[in-house]
Amino acid sequence: MYRTSVALLLVAAACLMLSIVGCNALALGGEKKYKVDLQNSLLKINEQIEQDGTVSDSAIAKLQNVLKKYEDEFSGRGSFTSTMSLLDMLAKVKDEPENEFMINQSVLVMIVDIQDTLKTEVKD
């Protein structure tokens with residue numbers, strides 16, 4: 001009887017933990033998901049500039065996909081429009097490869113600005 005009670009208590013605790021984890025995963029949607037996806041893409045670009053001095057086409061494509069995914073819902077936000085400007089800045093590297101360093105420095109500053117804007121737009 002004692003073992004059965006302990007087993008049932010453990011199963012109940014496990015179910016409670018799973019429901020808490022499930023609720024937290026489901027809560028990440030809308031604004032918060034936009035913020036996380038955008039920040040992850042920006043961090044990847046930031047990391048590549050700091051480590052390699054260049055941004056890969058895949059990182060740019062990932063950022064473009066994030067913007068495309070959230071365009072209908074968040075296109076009026078400052079973070080969205082600033083990120084569009086950042087993509088324009090990254091496109092300049094192909095046209096002006098001799099200015100890649102300066103363009104990348106501008107991109108790093110823009111990333112910080114976008115992250116600051118996200119802090120005010122989307123509360124944690």
# chains A, B, ... in the order shown; residues from 1 in each chain; ligands from 1
>>> residues_around(residues="segment 66-76 of chain A", least_positions_apart="5", cutoff="10 Å", atoms="only C-alpha atoms", output="tab-separated table (two decimals) with C-alpha atoms, in the first residue's frame")
chain	number	residue	atom	x	y	z
A	30	GLY	CA	2.99	36.17	-30.79
A	31	GLU	CA	5.11	39.08	-29.64
A	33	LYS	CA	8.09	34.52	-30.35
A	34	TYR	CA	8.76	37.43	-32.72
A	37	ASP	CA	13.24	34.77	-33.42
A	38	LEU	CA	14.47	38.25	-34.31
A	40	ASN	CA	18.38	34.88	-32.48
A	41	SER	CA	18.86	35.99	-36.08
A	60	ILE	CA	20.89	36.91	-44.02
A	61	ALA	CA	18.32	34.48	-45.41
A	81	THR	CA	11.56	48.72	-39.89
A	83	THR	CA	15.73	45.41	-39.28
A	84	MET	CA	14.66	46.12	-42.85
>>> closest_atom_pairs(of="segment 59-95 of chain A", to="segment 104-108 of chain A", cutoff="8 Å", atoms="only C-alpha atoms", output="Markdown table")
| residue | atom | partner | partner_atom | distance |
| --- | --- | --- | --- | --- |
| A:Leu86 | CA | A:Val107 | CA | 6.2 |
| A:Met89 | CA | A:Val107 | CA | 6.9 |
| A:Leu90 | CA | A:Val107 | CA | 7.3 |
>>> closest_residue(among="A:Ser79, A:Lys123, A:Leu118, A:Val93", to="Ser56 of chain A", atoms="only C-alpha atoms")
A:Val93
>>> residues_around(residues="Ile111 of chain A", least_positions_apart="6", cutoff="9 Å", atoms="only C-alpha atoms", output="list in words")
Gln39, Leu42, Leu43, Ile45, Asn46, Ser82, Thr83 and Leu86 of chain A
>>> atom_distance(atom1="atom CA of Thr117 of chain A", atom2="atom CA of Glu96 of chain A")
28.4 Å
>>> atom_distance(atom1="atom CA of Gln115 of chain A", atom2="atom CA of Lys94 of chain A")
25.0 Å
>>> atom_distance(atom1="atom CA of Asp52 of chain A", atom2="atom CA of Asp88 of chain A")
20.1 Å
>>> closest_residue(among="A:Thr54, A:Thr120, A:Gln48, A:Asn65", to="Ala91 of chain A", atoms="only C-alpha atoms")
A:Thr54
>>> closest_residue(among="A:Gly53, A:Lys35, A:Lys119, A:Gly78", to="Ile103 of chain A", atoms="only C-alpha atoms")
A:Gly53
>>> closest_residue(among="A:Glu50, A:Glu100, A:Leu63, A:Lys32", to="Glu121 of chain A", atoms="only C-alpha atoms")
A:Lys32
